[in-house]
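Peer 1: Here it is: the structure, laid out below.
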Amino acid sequence: MNKTILLAFLFIQNIVSAQLTEYDLSVEKWQFKNAKDNNWLPAKVPGTVHLDLINNKIIPDPFKDENEKKVQWVENEDWEYQTSFTVSSKQLTAAQNIDLVFNGLDTFSEIYLNGKLLTKTDNMFRKWVIPVKRHLKSGNNVLQVKFKSAVNAGKELAEKVPFTMPESPRSFVRKAQYQFGWDWGPRLVTAGIWKDVKLSFWNTARLENVKVEQKKLTKEKADLSIHTEIITEKEGKYTVLINNKPFHFQLKKGQNIIQIPFAINNPKLWQPNGWGKQELYPIKISLQKSSIHLADKDLKIGLRTVELIQEKDEKGKSFYFKVNGNPLYIKGTNWIPGDSFSPRMTKEKYQYLIRQAKDANMNMIRVWGGGIYEDDEFYKACDENGILVWQDFMFAGSFYPTDEAFLNNVKEEVKDQVNRLQNHPSIALWCGNNEVDEAIVNWGYQKQFKYTKEDSLQVWKDYKKVFHELIPTTLKENVTSEKNIYWPSSPSIGWGHKESLTEGDSHYWGVWWGEQPFEIFNEKVGRFMSEYGFQGMPTLETTKAMFSGIPDLNLQNPTIKAHEKHSRGWQIIDEYIKRDYHLPADFVKYNYVSQLVQARGMQIAIEAHRRAKPYNMGTLYWQLNDCWPVVSWSSIDYLGNWKALHYQVKRSFENVLIAVNETPEHYKIHFINDGPKLISGYESIDLIDFRGRSVHNNYGVVTMEPNSNKVVFTFDKTVYSSFEPEKHALLLRFKGDDGTNYESIHYFSKPKDLKLSKPNIQIKKISPIEIEISTDVLAKDVYLIGDVHFSDNFFDLLPKSSKRIQLSKPLEKIEVMSLWDTIQK
């Protein structure tokens with residue numbers, strides 16, 4: 001028996017034995033074409049029309065050169081996809097039910113099977129399940145999906161509203177909003193079968209949905225309730241097995257919703273990164289009838305408690321997360337889609353990016369509301385790495401309609417996504433939107449579009465209908481209680497208002513958008529800083545990837561300019577460089593300094609937030625990653641390389657941080673311990689010159705309580721008044737009794753004002769993947785240049801000291817640069 005016949009035999013046997021069987025149609029030969037044309041071309045599923053056009057050499061790669069402009073016509077066309085597949089008469093006879101399942105269609109489509117219109121779709125974020133047995137035939141079957149331009153469909157919907165809506169037509173279409181262009185991303189409005197498509201064969205009954213509710217959690221026992229929805233063909237006795245333990249039910253025909261109590265003795269808790277292990281328990285749910293296996297689902301759950309604490313105090317209202325009963329200081333970032341073409345994201349890239357967040361000492365990622373509900377692999381990686389997820393629903397920076405069709409569509413979207421995601425222990429909070437409240441209240445759209453009083457009132461009513469009524473009600477209906485923490489909008493109050501710093505979460509954009517100096521971060525500290533940021537260039541390797549040919553690394557090059565999507569981006573970066581550094585003319589030095597200025601700004605912000613603990617209990621910078629090669633706010637560029645910012649974030653997010661708060665009269669030395677354990681050790685505070693000589697010092701024993709922020713020393717500024725600030729630094733060290741070591745350096749002057757000497761930096765090869773680097777005088781912001789990942793980079797190297805660095809792979813030649821090099825003409 002050959003392989004094909006054997007597989008077909010096993011497939012039919014599975015159906016006959018009543019086991020659910022799936023036929024992956026994604027692997028079939030797909031074709032696509034412009035609806036205007038007759039010429040079919042090969043396509044890939046999952047995929048997008050842009051990728052298919054690139055693969056067929058119809059359009060150039062829009063990530064390269066200035067090609068983005070050349071592909072804008074794609075969004076205005078209608079596109080058709082089709083494939084054929086074979087179903088045997090035995091398969092048709094053996095299966096009582098056959099469903100066609102699309103896990104993602106982007107976005108407006110008509111689905112035809114053998115010429116019959118099955119349904120129309122209008123939401124990229126929904127799963128579409130269509131019973132098709134009566135439409136299938138023995139032998140060859142033809143499946144077609146006809147996509148209408150989302151831009152044109154959105155315009156038609158916008159015309160039905162009596163006043164002009166901002167960001168039209170994107171706010172009218174339920175698809176990834178960032179595809180319409182953002183100040184870090186290109187405009188690439190896609191269409192296509194962006195997730196897999198299957199035929200599902202099943203008999204007797206199927207498991208539709210499984211939710212694990214955590215009823216009570218103690219050291220001795222975790223009391224759980226397994227909620228499952230079972231669809232049956234006929235009533236009768238059925239058995240549900242939870243990890244092989246049987247539970248018997250008499251089920252009716254149709255939908256049955258049952259709850260099964262389940263317990264785990266002596267449970268081990270899932271802990272966020274930095275607090276312990278991420279213990280995960282496998283849960284296997286199986287459905288049987290008369291000892292015949294029908295269906296099963298496999299889950300991995302974590303046992304933990306998460307609470308959002310908002311209590312009034314003398315300064316406003318708290319906003320912090322309690323995890324497993326303890327206040328957790330949140331350290332993390334914002335996530336945007338990892339590619340403009342989401343089907344190109346691999347499991348490996350998801351795992352890589354989340355590991356980099358963990359390695360940088362993060363414990364939370366906010367999934368931003370202008371992107372997509374991410375792939376299961378993203379949440380799996382967060383579960384495994386101890387990264388909590390602040391999950392926005394996919395609405396961002398606009399007004400949204402509330403006609404009946406739109407509301408019903410959103411309700412189904414929310415149901416699909418929360419049922420898919422809620423069992424992940426990483427999910428901490430559901431948030432209605434990104435900056436929609438802000439857009440209505442602060443951005444002046446009503447004046448710009450000349451709204452009447454009635455128009456403005458209608459917009460606010462519509463907003464409340466979606467984000468204060470529909471979404472929270474749908475959550476309550478579909479999410480188990482302990483997984484249902486809802487926050488209507490991020491931020492809760494706009495950054496121009498005083499209350500934005502005394503309650504709720506804050507997006508502070510006085511730096512960058514407001515062009516305020518970095519030092520303003522020391523004053524603008526809210527209860528939970530969920531967005532703030534500054535741009536820097538990507539690494540040289542990723543900058544070169546912007547070109548299809550030989551790279552011309554020149555700031556005036558049109559390709560380089562085209563990969564900065566903020567209208568004032570270059571101007572703002574230059575202004576901040578001139579404030580704090582010297583503005584280089586050389587491209588490589590400019591690239592380096594743009595990364596340094598980004599890292600410096602975020603260091604000031606993060607450390608100001610952490611010094612304000614417990615008033616401030618969270619800091620999420622904008623942003624972790626990129627969707628294409630670009631100048632942006634990211635700390636990891638599109639190719640996965642760490643920018644200077646990510647190295648700095650890793651240092652600033654360590655569980656133990658030594659930070660200096662400079663006031664008009666004093667230097668206050670903070671020792672901050674975000675960890676769950678008491679730490680004791682030996683501290684030293686040295687005033688040193690740039691040749692390493694100690695001119696003033698202080699030593700002592702320090703004990704840091706768990707989860708604490710303590711001012712250990714306060715120095716009157718007069719103590720250091722006789723020393724030249726531009727020639728000295730404060731070296732702060734802590735050596736823990738447990739062998740841990742922490743260090744930070746505080747400079748009294750801006751980088752451009754430091755009186756640096758030329759360092760003699762030596763690199764010694766220890767092994768093919770390890771080097772030792774040393775210097776005779778202070779080497780500030782040492783930059784190791786090479787096509788590898790360095791375990792540390794963009795660091796300060798103290799005089800007469802050395803540092804060992806690991807390389808991700810052997811490298812023959814390593815170039816090195818320091819801040820001193822940028823001072824030279």
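Ordered as shown in the structure tokens, chains take letters A, B, and onward, while each chain numbers its residues from 1 and ligands are numbered from 1 in the order shown.
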If DSSP is run on the backbone, what residues of range 592-627 of chain A are strand (DSSP E or B)? A reply as a PyMOL selection string would be ideal.
Peer 2: chain A and resi 618-621
Peer 1: Neighbouring residues of range 73-81 of chain A were defined as those with any atom within 8 Å, considering only C-alpha atoms; residues of the same chain fewer than 3 positions away were excluded. Please report them as a count of residues only.
Peer 2: 25
Peer 1: Extract, using only C-alpha atoms, all DNA, RNA and protein residues at most 9 Å from Tyr329 in chain A, discarding same-chain residues fewer than 5 positions from it, and format them as an NGL selection string.
Peer 2: :A and (320-322 or 363 or 610 or 613-614 or 616-619 or 674 or 707)
Peer 1: Measuring atom to atom with only C-alpha atoms, identify which of A:Glu499, A:Glu482, A:Asp196, A:Asp99 is nearest to Ile130 in chain A.
Peer 2: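 Between A:Glu499, A:Glu482, A:Asp196, A:Asp99, the residue approaching Ile130 in chain A most closely is A:Asp99.
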Peer 1: Any idea what's packed within 6 Å of range 804-809 of chain A, counting only C-alpha atoms, ignoring anything in its chain fewer than 6 positions away? Could you give it as an MDAnalysis selection string?
Peer 2: chainID A and resid 769:772 788:791
Peer 1: With C-alpha atoms retained, export the selected residues as an mmCIF file, in the first residue's frame.
Peer 2:
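Final output, result18.cif:
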```
data_model
loop_
_atom_site.group_PDB
_atom_site.id
_atom_site.type_symbol
_atom_site.label_atom_id
_atom_site.label_comp_id
_atom_site.auth_asym_id
_atom_site.auth_seq_id
_atom_site.Cartn_x
_atom_site.Cartn_y
_atom_site.Cartn_z
ATOM 1 C CA ILE A 769 33.044 33.491 21.180
ATOM 2 C CA GLU A 770 34.456 35.476 24.096
ATOM 3 C CA ILE A 771 36.526 38.645 24.265
ATOM 4 C CA GLU A 772 37.915 40.805 27.040
ATOM 5 C CA VAL A 788 26.985 39.349 15.842
ATOM 6 C CA HIS A 789 25.047 39.774 19.069
ATOM 7 C CA PHE A 790 27.262 40.998 21.899
ATOM 8 C CA SER A 791 26.210 40.080 25.453
#
```
Peer 1: Can you list, as a list of chain:residue names, every protein, DNA or RNA residue that comes within 6 Å of Lys300 in chain A when you count only C-alpha atoms, leaving out same-chain residues fewer than 6 positions away?
Peer 2: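 Listed by chain and then number, they are A:Leu280, A:Tyr281, A:Pro282, A:Ile283.
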